[in-house]
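Inspection log for the structure reproduced underneath, given as structure tokens.
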Amino acid sequence: METMLTSYVAFFLIVALGFAVGKINIKGVSLDSSAIIFVAFIFGYLGVEIPEIIRELGLIFFIYSVGIQAGPGFFESFKKQGIKLIVLTAIIIGTAAILSIGTAYVLEIPIELAVGIFSGALTSTPGLAAAIDSTKSTIASIGYGIAYPFGVLGVILFVKVINKILKVDLTKEEVKYAEEITSDFPRLMNKNYIVENHKVFGKTIGELNIRSMTNTNVSRVSQNGNTFTPNSNTVLNEGDIIKAVGTEKDLEKLELLIGSRTDKPISLGKKFIVKSILVSNKNIVNKSFAELALFTKYNVTATSIRRSGIDIAPSAHTKIKYGDKVMIACAEDDLKQVLELFGDNRTRLAEVDFLPISIGIIVGVVLGMITIPLGFYNFKLGLTGGVLISAILLSKIGKTGSILWNIAGDSNQLLRKIGLIFFLVPVGTNAGQNIVETLQTNGYLLFIAGFFITIIPMIITTLVGYYVYRVNFLTLLGAITGGMTSTPALSSTDSMSSSNAPKVAYATVYPFALVLMIVFTQIMVKFF
């Protein structure tokens with residue numbers, strides 16, 4: 001009993017000290033939650049032991065939360081515009097894996113240690129989790145601890161200096177990116193028009209079929225000084241002023257239909273509201289905006305969606321996910337029914353339903369136990385692979401009957417952090433018992449190996465991406481930070497450019513990188 005009590009006290013002491021160290025920020029760089037493992041090394045060296053069941057529970061919750069977050073974006077990344085970025089991500093991780101295997105042979109170190117260096121060099125805690133689960137040894141965490149600090153710092157430094165080394169003009173890259181986006185996705189514009197065409201006088205917006213004929217959306221109408229949000233029954237009269245949203249070409253069609261453009265402003269009106277609404281109503285999950293018929297039924301326009309920290313421009317076919325933040329524009333009178341439709345219940349989002357989580361984990365455990373015969377080798381997904389695949393598939397499905405598989409962003413982050421804490425503490429204390437011996441045996445060579453495994457994949461990917469694939473350099477920087485799973489490095493691009501190109505590329509490749517790290521880790525352990 002006393003020993004168990006001591007373990008519990010040590011556990012939370014390590015967590016407290018880990019978070020304290022993780023908050024130390026030096027020129028924008030901090031270890032964050034990963035500092036826990038370094039504190040755990042020290043406690044492990046001093047003889048502290050933590051029950052292994054804590055590690056197993058932490059591993060399951062951590063990997064499941066990773067899969068839930070990565071699921072929707074993982075499948076989206078395979079769309080045509082993301083294929084090049086996916087290939088570049090595979091080059092980063094594949095090159096790092098080859099270098100790690102080479103390190104194991106050259107330095108004559110255990111593959112478990114090399115896999116840990118691989119995970120640390122690419123700052124991938126999910127990769128470390130997969131390594132420990134596959135090898136049933138915590139020695140991988142020593143390699144992770146050796147390579148991780150430079151993995152964080154190295155990606156930031158690389159992103160900061162590579163454009164100067166290659167003499168890339170980032171201002172020109174911004175212009176090129178803007179031209180590419182305008183070409184693929186014409187910019188939406190707001191313009192005002194005077195109703196002058198006598199053929200439309202006295203007709204409703206629905207009768208004129210404005211949306212399908214011109215592909216524009218009339219967002220406001222001003223009649224006799226009164227501004228309001230129109231609906232399909234709104235009648236247009238001579239002299240009315242309308243505000244419409246659409247591409248430049250589409251607005252030209254509207255001008256031919258309605259009348260000339262005017263610079264006369266239309267006020268928002270006292271009863272016009274722009275508001276962010278949370279999706280907490282289970283009944284609308286997996287329904288598209290077309291199915292919800294926001295404009296025709298509720299007189300509402302959805303302008304953007306924030307999902308898992310990423311902003312998405314909605315289309316008619318975009319499907320609603322639980323926990324989405326939808327930016328809407330509507331009249332005050334229509335707001336109540338829109339709130340009822342979406343839910344907008346922050347308290348409900350904060351609730352964690354463990355029924356679907358438990359079912360999803362059970363499915364993952366079963367998947368991990370299935371043996372897949374490959375002729376010369378019988379392959380198993382294992383605990384991490386099974387739980388990850390289960391979470392990815394279920395998060396993509398989103399909803400089955402009344403069961404919601406998705407977990408709202410804040411709740412999923414909490415589950416992920418708790419899992420990470422439970423995983424890192426026992427892993428670190430266990431590895432701490434052997435850390436001095438390992439460092440004495442291999443010394444500074446492990447640090448050098450970690451340096452090269454971080455840097456070389458980024459150099460190769462940059463050269464291939466910029467000179468072979470001709471990817472916009474700002475997009476390339478985002479792909480590299482996503483492939484290295486480095487959020488701090490992505491943040492460092494903010495001071496380099498005002499373009500959102502790096503963030504878009506990062507969001508495209510990050511889910512794929514999370515999954516690919518786990519896959520490569522298992523391949524390295526099982527075949528080498």
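Lettering and numbering for the structure tokens are positional, with chains as A, B, ... in the shown order, residues counted from 1 in each chain, and ligands counted from 1 in the shown order.
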
Could you build a table of the residues in stretch 12-129 of chain A lying no more than 12 Å from stretch 457-475 of chain A, giving for each the nearest pair of atoms and their separation in Å rounded to one decimal place, using only C-alpha atoms, ordered by chain and ascending residue number, as a tab-separated table?
```
residue	atom	partner	partner_atom	distance
A:Gln81	CA	A:Val471	CA	11.1
A:Gly82	CA	A:Thr475	CA	10.9
A:Ile83	CA	A:Tyr469	CA	11.0
A:Lys84	CA	A:Tyr469	CA	7.4
A:Leu85	CA	A:Gly465	CA	8.3
A:Ile86	CA	A:Gly465	CA	11.0
A:Val87	CA	A:Gly465	CA	9.3
A:Leu88	CA	A:Thr461	CA	6.0
A:Thr89	CA	A:Thr461	CA	8.0
A:Ala90	CA	A:Thr461	CA	9.3
A:Ile91	CA	A:Thr461	CA	6.4
A:Ile92	CA	A:Pro457	CA	4.8
A:Ile93	CA	A:Pro457	CA	7.4
A:Gly94	CA	A:Pro457	CA	8.3
A:Thr95	CA	A:Pro457	CA	5.5
A:Ala96	CA	A:Pro457	CA	5.9
A:Ala97	CA	A:Pro457	CA	9.5
A:Ile98	CA	A:Pro457	CA	10.0
A:Leu99	CA	A:Pro457	CA	8.9
A:Ser100	CA	A:Pro457	CA	11.3
A:Phe118	CA	A:Pro457	CA	11.4
A:Ala121	CA	A:Pro457	CA	10.3
A:Leu122	CA	A:Pro457	CA	9.7
```

Might you pull out every residue within 10 Å of A:Tyr322, with only C-alpha atoms counted and same-chain residues fewer than 3 positions away left off, and present them as a list in words?
Leu278, Val279, Ser280, Asn281, Lys282, Asn283, Ile284, Val285, Asn286, Arg307, Lys325, Phe342, Leu349, Gly398, Lys399, Leu404, Trp405, Asn406, Ile407, Ala408 and Gly409 of chain A

Report as a VMD selection string all protein, DNA and RNA residues lying within 8 Å of stretch 37-51 of chain A, evaluated on only C-alpha atoms, omitting residues in the same chain fewer than 6 positions from it.
chain A and resid 7 to 8 10 to 11 14 17 to 18 145 424 to 435

Show which residues sit within 8 Å of A:Thr384, as an mmCIF file with N, CA, C and O atoms, in the first residue's frame. Count only C-alpha atoms, and ignore same-chain residues fewer than 2 positions away.
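File written: around05.cif
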```cif
data_model
loop_
_atom_site.group_PDB
_atom_site.id
_atom_site.type_symbol
_atom_site.label_atom_id
_atom_site.label_comp_id
_atom_site.auth_asym_id
_atom_site.auth_seq_id
_atom_site.Cartn_x
_atom_site.Cartn_y
_atom_site.Cartn_z
ATOM 1 N N LEU A 59 -1.607 5.003 -23.579
ATOM 2 C CA LEU A 59 -1.358 4.711 -24.987
ATOM 3 C C LEU A 59 -2.669 4.604 -25.763
ATOM 4 O O LEU A 59 -2.821 5.196 -26.838
ATOM 5 N N ILE A 60 -3.642 3.890 -25.203
ATOM 6 C CA ILE A 60 -4.924 3.682 -25.891
ATOM 7 C C ILE A 60 -5.665 5.001 -26.087
ATOM 8 O O ILE A 60 -6.117 5.330 -27.191
ATOM 9 N N ILE A 63 -3.656 7.401 -28.647
ATOM 10 C CA ILE A 63 -3.742 7.015 -30.053
ATOM 11 C C ILE A 63 -5.162 7.177 -30.582
ATOM 12 O O ILE A 63 -5.374 7.605 -31.725
ATOM 13 N N ALA A 129 4.847 6.228 -29.432
ATOM 14 C CA ALA A 129 3.855 5.314 -28.857
ATOM 15 C C ALA A 129 3.805 4.008 -29.644
ATOM 16 O O ALA A 129 3.758 2.913 -29.070
ATOM 17 N N ALA A 130 3.824 4.119 -30.974
ATOM 18 C CA ALA A 130 3.793 2.928 -31.822
ATOM 19 C C ALA A 130 5.060 2.100 -31.640
ATOM 20 O O ALA A 130 5.020 0.862 -31.636
ATOM 21 N N ASP A 133 4.871 0.249 -28.289
ATOM 22 C CA ASP A 133 3.875 -0.815 -28.357
ATOM 23 C C ASP A 133 4.378 -1.981 -29.206
ATOM 24 O O ASP A 133 4.158 -3.153 -28.869
ATOM 25 N N GLY A 368 -6.567 -4.980 -34.043
ATOM 26 C CA GLY A 368 -5.144 -5.166 -33.796
ATOM 27 C C GLY A 368 -4.746 -6.610 -33.589
ATOM 28 O O GLY A 368 -3.577 -6.979 -33.775
ATOM 29 N N LEU A 381 -1.773 -5.514 -36.982
ATOM 30 C CA LEU A 381 -1.778 -4.075 -36.759
ATOM 31 C C LEU A 381 -1.276 -3.740 -35.357
ATOM 32 O O LEU A 381 -0.706 -2.667 -35.130
ATOM 33 N N GLY A 382 -1.507 -4.617 -34.405
ATOM 34 C CA GLY A 382 -1.114 -4.346 -33.027
ATOM 35 C C GLY A 382 -2.086 -3.377 -32.366
ATOM 36 O O GLY A 382 -3.042 -2.892 -32.978
ATOM 37 N N GLY A 386 -4.377 -0.929 -34.606
ATOM 38 C CA GLY A 386 -5.805 -1.244 -34.577
ATOM 39 C C GLY A 386 -6.651 -0.105 -34.059
ATOM 40 O O GLY A 386 -7.670 0.264 -34.652
ATOM 41 N N VAL A 387 -6.236 0.486 -32.934
ATOM 42 C CA VAL A 387 -6.983 1.602 -32.346
ATOM 43 C C VAL A 387 -6.960 2.811 -33.278
ATOM 44 O O VAL A 387 -7.962 3.521 -33.434
ATOM 45 N N LEU A 388 -5.809 3.065 -33.914
ATOM 46 C CA LEU A 388 -5.701 4.194 -34.840
ATOM 47 C C LEU A 388 -6.639 4.024 -36.031
ATOM 48 O O LEU A 388 -7.379 4.953 -36.383
#
```

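Of the listed residues A:Leu113, A:Val326, A:Met517, A:Met213, the one whose atoms come nearest to A:Ala302 is A:Val326, with distances taken using only C-alpha atoms.
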
Based on the backbone DSSP call, show me all residues of stretch 248-383 of chain A assigned helix (DSSP H, G or I), as a PyMOL selection string.
chain A and resi 248-258+282-284+289-292+294-298+332-342+346-350+354-369+382-383

Rank nothing, just name the residue among A:Gln337, A:Asn237, A:Thr6, A:Ser34 nearest to A:Phe19, using only C-alpha atoms.
A:Ser34

Need to verify the contact set: A:Ser395, 7 Å, only C-alpha atoms, exclusion of same-chain residues closer than 2 positions in sequence. Can you return it as a PDB file with N, CA and C atoms, in the first residue's frame?
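See out24.pdb below for the written result:
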```
ATOM      1  N   ILE A  68      -9.087  10.164 -34.079  1.00  0.00           N
ATOM      2  CA  ILE A  68     -10.328  10.944 -34.191  1.00  0.00           C
ATOM      3  C   ILE A  68     -10.047  12.306 -34.821  1.00  0.00           C
ATOM      4  N   GLY A  71      -8.813  11.656 -38.714  1.00  0.00           N
ATOM      5  CA  GLY A  71      -9.700  10.946 -39.628  1.00  0.00           C
ATOM      6  C   GLY A  71     -10.234  11.717 -40.808  1.00  0.00           C
ATOM      7  N   PRO A  72     -11.056  12.755 -40.592  1.00  0.00           N
ATOM      8  CA  PRO A  72     -11.646  13.477 -41.725  1.00  0.00           C
ATOM      9  C   PRO A  72     -10.589  14.070 -42.654  1.00  0.00           C
ATOM     10  N   ALA A 391     -10.286   4.505 -34.997  1.00  0.00           N
ATOM     11  CA  ALA A 391     -10.628   5.914 -34.763  1.00  0.00           C
ATOM     12  C   ALA A 391     -10.749   6.693 -36.066  1.00  0.00           C
ATOM     13  N   ILE A 392      -9.841   6.434 -37.013  1.00  0.00           N
ATOM     14  CA  ILE A 392      -9.876   7.138 -38.303  1.00  0.00           C
ATOM     15  C   ILE A 392     -11.175   6.833 -39.048  1.00  0.00           C
ATOM     16  N   LEU A 393     -11.521   5.557 -39.124  1.00  0.00           N
ATOM     17  CA  LEU A 393     -12.726   5.155 -39.860  1.00  0.00           C
ATOM     18  C   LEU A 393     -13.988   5.674 -39.187  1.00  0.00           C
ATOM     19  N   ILE A 397     -16.860   8.288 -40.534  1.00  0.00           N
ATOM     20  CA  ILE A 397     -18.299   7.967 -40.547  1.00  0.00           C
ATOM     21  C   ILE A 397     -19.076   9.041 -39.802  1.00  0.00           C
ATOM     22  N   GLY A 398     -18.550   9.458 -38.659  1.00  0.00           N
ATOM     23  CA  GLY A 398     -19.149  10.565 -37.912  1.00  0.00           C
ATOM     24  C   GLY A 398     -20.291  10.178 -37.001  1.00  0.00           C
ATOM     25  N   TRP A 405     -19.532   9.393 -33.236  1.00  0.00           N
ATOM     26  CA  TRP A 405     -18.152   8.935 -33.111  1.00  0.00           C
ATOM     27  C   TRP A 405     -17.191  10.113 -32.957  1.00  0.00           C
ATOM     28  N   ASN A 406     -17.525  11.244 -33.553  1.00  0.00           N
ATOM     29  CA  ASN A 406     -16.659  12.414 -33.441  1.00  0.00           C
ATOM     30  C   ASN A 406     -16.654  12.946 -32.011  1.00  0.00           C
TER      31      ASN A 406
END
```

Need to verify the contact set: A:Val218, 7 Å, only C-alpha atoms, exclusion of same-chain residues closer than 5 positions in sequence. Can you return it as a list in words?
Ile242, Lys243, Ala244 and Val245 of chain A

Those same residues, written as a CSV table (one decimal), in the first residue's frame with N, CA and C atoms?
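The resulting selection04.csv:
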```csv
chain,number,residue,atom,x,y,z
A,242,ILE,N,-29.5,46.3,-54.0
A,242,ILE,CA,-29.2,44.9,-53.5
A,242,ILE,C,-27.7,44.7,-53.3
A,243,LYS,N,-27.3,44.0,-52.3
A,243,LYS,CA,-25.9,43.6,-52.2
A,243,LYS,C,-25.8,42.1,-52.5
A,244,ALA,N,-24.9,41.8,-53.4
A,244,ALA,CA,-24.7,40.4,-53.9
A,244,ALA,C,-23.3,39.9,-53.7
A,245,VAL,N,-23.1,38.6,-53.5
A,245,VAL,CA,-21.8,38.0,-53.3
A,245,VAL,C,-21.6,37.0,-54.5
```

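Among A:Asp410, A:Asp334, A:Glu108, A:Glu174, the residue with the shortest atom-to-atom distance to A:Ala350, counting only C-alpha atoms, is A:Asp410.
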
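Comparing A:Thr481, A:Glu332, A:Val300, A:Gly450 by their smallest distance to A:Thr103, the closest is A:Gly450 (using only C-alpha atoms).
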
All strand (DSSP E or B) positions in stretch 247-459 of chain A, as a PyMOL selection string
chain A and resi 261-262+272-279+288+301-307+310-312+319+325-331+343+371-373+378-380+399-400+403-404

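In this comparison, which uses only C-alpha atoms, the residue of A:Pro230, A:Leu257, A:Lys287, A:Arg220 approaching A:His198 most closely is A:Leu257.
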
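Atom pair atom CA of A:Ser411 / atom CA of A:Leu394: separated by 16.6 Å.
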